[in-house]
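Have a look at the structure below before the remarks.
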Amino acid sequence: MAVAKVRQGGAWALADAAGKAWVGGMAVGYGPDDETPTETVSLFTDQTPANPSWSEPNSALTLGTVINVNTPGQITGGRWLFPTTIPAGMTATYVLYDNLTGAQLRRVPFSSPTAGAWNVVTFAPYPVEVGASLVAAVYLAGAAGTVAYPFRGELFASVGITNGPLTGPRSNDEPRILGNGRYVRGDAYPDQSYNATGYYVDVLHEAVVVGGGGDLALVNPDRPVLSGQAVSLAGIAATDLAGGETLASYSWSVRSGGGSLSSTTVAAPTYTAPAGAGVAVVRATVTTSAGRTGWLDMRVGYASTIVAAENALPGTARSTWDLPVGELGGIASLQGFCDGFSINRDETANFKIGQSDGVGWSAELYRLGWYGGTGARWYATLTPSGPQLAASQAQPAPADVDPDTTLPSVDCAAWSTTLTWTPPAWTPSGVYVLRLNRTGGGASHVMFVVRDDDRAAALMMMPADSTWQAYNAFGGLGANLYGGNSLYYGVAVNQYHEDCARYVSYNRPVVNRGACDPGRSYGAVEWSNFFTAEFPMLRFVERNGIDVKYYACLDAAGDPDGELLGNVGAAMFVGHNEYWSDNMRSGWEAAKAAGVHVFSSAGNEVFWRLVGSDADAGGRPRTWECYKSTIGSRGSLARPEWTGTWRDPDGAGKGGDQPENTLTGTIFVVNGPDLRSLVVPYDGGFSASPLWRHTAVASLTAGQVWTSPGQILGFEWDTWGPDGTNSPGAAYLADPHPDAVYASSATYDIPSGLLLTGPGDEYEAAGWANHRLVIHPGGDGAIAFGAGTVNWALGLDNANTYQQGGDNTSPVLQQATINMLADMGAEAVTLMPGLTLPTPVEWFDDGGSGSVESWTMATPAGSTDHNEGTWLTLGTRFASTADGSWTGMRVWVTPTAPAGSPRIVAYNDDTNTRIGLQTYTEPALRGRYFDVEWDTPIPIVAGVTYMAAVHTTRYGYSAVTGLTLPLRSSSERLYSASGGVPLAEYRYGTEVNDAPPDDESANFFHVAPIVTYT
């Protein structure tokens, strides 16, 4: 059977003569043993320059084209259309840059070029995935002082150029927002553009198509690994072996992407990834005992975080893994749950599946993430055995979990296990979905979490699974799908009804997402499912490659001391995270006090207090009690533990009377649905918060405000303390932390029925409420961020199930989230286009008793990677209104490393003396700011002028005329020189002088002091 090359949605795939494709690292058809076909493509085709040979007086010039990659593969070389006349002495060097970081990837000189023709260079292949953005550049050195090049003005002004897997974006659509048609004077990353000009610098892109063929249908999932580390390739299997036939011999090879194999002839070799980030393609050729042979290509993603490596792998189309509108809660005849909801990665997931119509079913397993925007990646096909299928079709009717009352509360603990999955050893922590596919049509989801308890991580994310269960109306299979009870009354979602359940069980399917189906009556539960305000945050965090792992509310409920948070730097909970047990809160409070940062991307959070029972072997309660004793009609004040609102003083001594803003900084006051904009005014200092660095908010002036898209506050939202509302309910709110920082302020009139007027059960009067983003100190240097709204994540990603009207994503909120996570030690390693990698800011010192200050600096506007070819000392003058301790320097790390070890230098400018000198090592992650600490802090005196300097060969700069001077820290105690004193000075020389540099510059060199005040 012949193998043909076909295009699927812009990507190449293999197909047989009938057009059957190979997908997802799994062979789904057959073909011969020949190599997978490849094709080399360049961007430019028939575009011709308006001027084929423009010459100008210049000795060093770099020109470039921004090229985005639409199909995975590798860049094997580059080409440039040489001018028709090459000036005497001009040489040309091809340079490939990463557009997002400015890092130099490949560099090859053109030798013996032909004038007026395309000249080609080749180099070691550079692997690229969908979404990569490159700059194909040529460095021109004019020995006689003249260079020449072809060009066409406005080539990228109104439309881009696309050819197969490559796109030269329209200038306004370029990811760095620097324009297309790039240039820079000198040999550096070209970060300037003029008139959207085309300079005809191109790449050679080879699509490395991943497929399989031969006489066998082979399968082995793609997998991630950390850069420089090893992963087993175990798992290859044939799905079409005859009786008695076995896999007999193996041959492995690395086709692209680099790395090495421990062996090429064993069933499960180990692959070791190279440094850096990329995707390797490894081929296995297998022969059976019957002499049949097949081959399969698989991908291995590698990066500095396992999340970045995982998301470098191709995903699965959402139309394949997700549920259709109309059946978002799944079909009535086929439902299930994962026993215990979460597993550690070395445990087995036991699925309890029930089917009422007897037609049969199978399952596909996916991990949720970014995956190029698809949202999920296929992991396994799981098929029940005959006995498992039969058991699924004979599950008993649900039982009642309530031990005290006659009020029904569904529990399916007695259901049989009808499917299992043991994660491979390389499986990362994550949120997973088992899609149950009914034979003949229809599907349902089973969600669960895979933990990684032993792995240290920068961030832990906790979904709102306890709140899902509080609203879950599952009543059974068939007609009873939405006929059950919850802590609200059925699908009416009435918490005041006398027949509301007092207990809920984790041992049952969850159908909350069905509330998003058109025409379904299910209260406001569309906001109380994972896919509304939780999935967007997960996608955003994984898109940016943040080192995250996951656990569930159920896990937190079995961890009263917060031990599971002990090996993470920060912990985040998301969405409508309303229901918290006693142990959940005690564990998070303990972690916060111990120095774990807390990020609350939630609203109406930590509102109702629950207690658990029926603990499993891991100490996690499968049954949760919540009498909602705050509601007077419940008559449950005699219960041994309080299960009303956390803030209610009636619960004093039993776990209540603990307002939730002492944990998160914000506290619920506006019921929903109530959808509003978040507002950041300049007046009041709100826009000066470090949260807004690298955003338009930071540039506001007196009287101006920034307003978010219209649904960021909602569907329920918080205030920050008693003075944040005129409601009588203010009496039940705790005073804010005395050192709290507020980064926004919006006051709205709230109608009766939405404004909370009591401790948790009354909404009986109109009034006003003020929302603020709150940052306050935790223990041992930790910070806590409270978004105070369920819908914060709608500003980060638009792939949510429920949203009224248009897209609510905002680059300002995306950057602010990246800023806050960086300040918590959870930095992005695959930063999405359009954002800036921030330098972490220390918000508080010793719980708010001191302040570490510098001033905010944007990305250099003149050049981010200027190369003088020699050493310079570059300085910025500054002074302070108060005595302090000069503890370090903030320096710009250029995309290309300097030629040698740079140094930071401190001068007393008033006495012309050097007072500090220290060599430092630049970080591997470049194109960003980096803080260097002095080994010995330097005391500074109020009113004295100092100079912060760096000694280097490469630097970034901006024109001083483009700055608002003086530059100031948030408290304005620390400020740059201005007025009659030059801001910046420089001096050439391989050695650092005892006196400060004194050659005045019209540029700012992007170096700043870091000063601690006590």
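Labels used: A, B, ... for chains in the order of the structure tokens, numbers from 1 for residues in each chain, and numbers from 1 for ligands as shown.
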Tell me, as an mmCIF file with N, CA and C atoms, in the first residue's frame, which residues lie within 7 Å of Ala984 in chain A, counting only C-alpha atoms; anything in the same chain fewer than 6 positions away does not count.
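Below is the file out15.cif, written as the result:
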```cif
data_model
loop_
_atom_site.group_PDB
_atom_site.id
_atom_site.type_symbol
_atom_site.label_atom_id
_atom_site.label_comp_id
_atom_site.auth_asym_id
_atom_site.auth_seq_id
_atom_site.Cartn_x
_atom_site.Cartn_y
_atom_site.Cartn_z
ATOM 1 N N GLY A 875 27.054 53.371 33.805
ATOM 2 C CA GLY A 875 26.525 53.697 35.121
ATOM 3 C C GLY A 875 25.275 54.545 35.095
ATOM 4 N N THR A 876 24.501 54.459 36.196
ATOM 5 C CA THR A 876 23.317 55.270 36.425
ATOM 6 C C THR A 876 23.443 55.932 37.796
ATOM 7 N N ARG A 877 23.283 57.270 37.842
ATOM 8 C CA ARG A 877 23.367 57.984 39.118
ATOM 9 C C ARG A 877 22.044 57.866 39.869
ATOM 10 N N GLU A 1000 29.472 61.506 29.404
ATOM 11 C CA GLU A 1000 28.013 61.646 29.480
ATOM 12 C C GLU A 1000 27.347 60.958 28.288
ATOM 13 N N SER A 1001 26.235 60.282 28.564
ATOM 14 C CA SER A 1001 25.522 59.564 27.510
ATOM 15 C C SER A 1001 24.098 60.074 27.375
ATOM 16 N N ASN A 1003 21.934 58.026 26.500
ATOM 17 C CA ASN A 1003 21.196 56.779 26.675
ATOM 18 C C ASN A 1003 21.139 56.383 28.141
ATOM 19 N N PHE A 1004 20.137 55.591 28.444
ATOM 20 C CA PHE A 1004 19.980 54.988 29.768
ATOM 21 C C PHE A 1004 20.380 53.526 29.646
#
```
For this session: For range 434-451 of chain A, list every protein, DNA or RNA residue within 6 Å, evaluated using only C-alpha atoms, and leave out those in the same chain fewer than 3 positions away; present the list as a PyMOL selection string.
Result: chain A and resi 330-331+337+341-345+360-365+429-431+550-551
Exercise. Where in range 794-968 of chain A does DSSP assign helix (DSSP H, G or I), given as a ChimeraX atom specification?
Worked result: /A:794-795,811-823,960-962
Problem set entry | Contacts of range 314-324 of chain A within 6 Å, only C-alpha atoms, excl. fewer than 6 positions in-chain, as number ranges by chain | A: 371, 374, 376-377
For this session: Would you return as a PyMOL selection string the members of range 213-345 of chain A that DSSP assigns to strand (DSSP E or B) on this structure's backbone?
Result: chain A and resi 213-214+218-219+223-226+230-232+237-238+247-256+260-261+270-272+278-288+293-303+334-338+342-344
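Closest approach to Ser863 in chain A among A:Ile783, A:Asp215, A:Leu794, A:Ser958: A:Ser958, based on only C-alpha atoms.
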Exercise. With only C-alpha atoms as the atoms that count, which of A:Ala414, A:Ala457, A:Leu974, A:Ala787 lies nearest to Met824 in chain A?
Worked result: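 Looking at the shortest contact to Met824 in chain A, the residue is A:Ala457.
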Exercise. What does the distance from CA of Asp346 in chain A to CA of Gly612 in chain A come to in Å, to one decimal?
Worked result: 25.6 Å
For this session: Tell me which protein, DNA and RNA residues are within 9 Å of Leu247 in chain A, counting only C-alpha atoms, leaving out same-chain ones fewer than 5 positions away, and put them as a PyMOL selection string.
Result: chain A and resi 237-238+241+267+286-290
Exercise. Counting only C-alpha atoms, what is within 12 Å of Thr701 in chain A, bar same-chain residues fewer than 6 positions away, as a list of chain:residue names?
Worked result: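 Result of the neighbour search: A:Val680, A:Pro681, A:Tyr682, A:Asp683, A:Gly684, A:Gly685, A:Phe686, A:Ser687, A:Ala688, A:Thr964.
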For this session: Could you jot down the CA of Leu328 in chain A to CA of Pro518 in chain A separation for me, Å, one decimal place?
Result: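 Straight-line distance from CA of Leu328 in chain A to CA of Pro518 in chain A works out to 9.9 Å.
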For this session: Tell me, as number ranges by chain, which residues lie within 10 Å of range 586-593 of chain A, counting only C-alpha atoms; anything in the same chain fewer than 6 positions away does not count.
Result: A: 556-571, 580, 662-664, 777-784
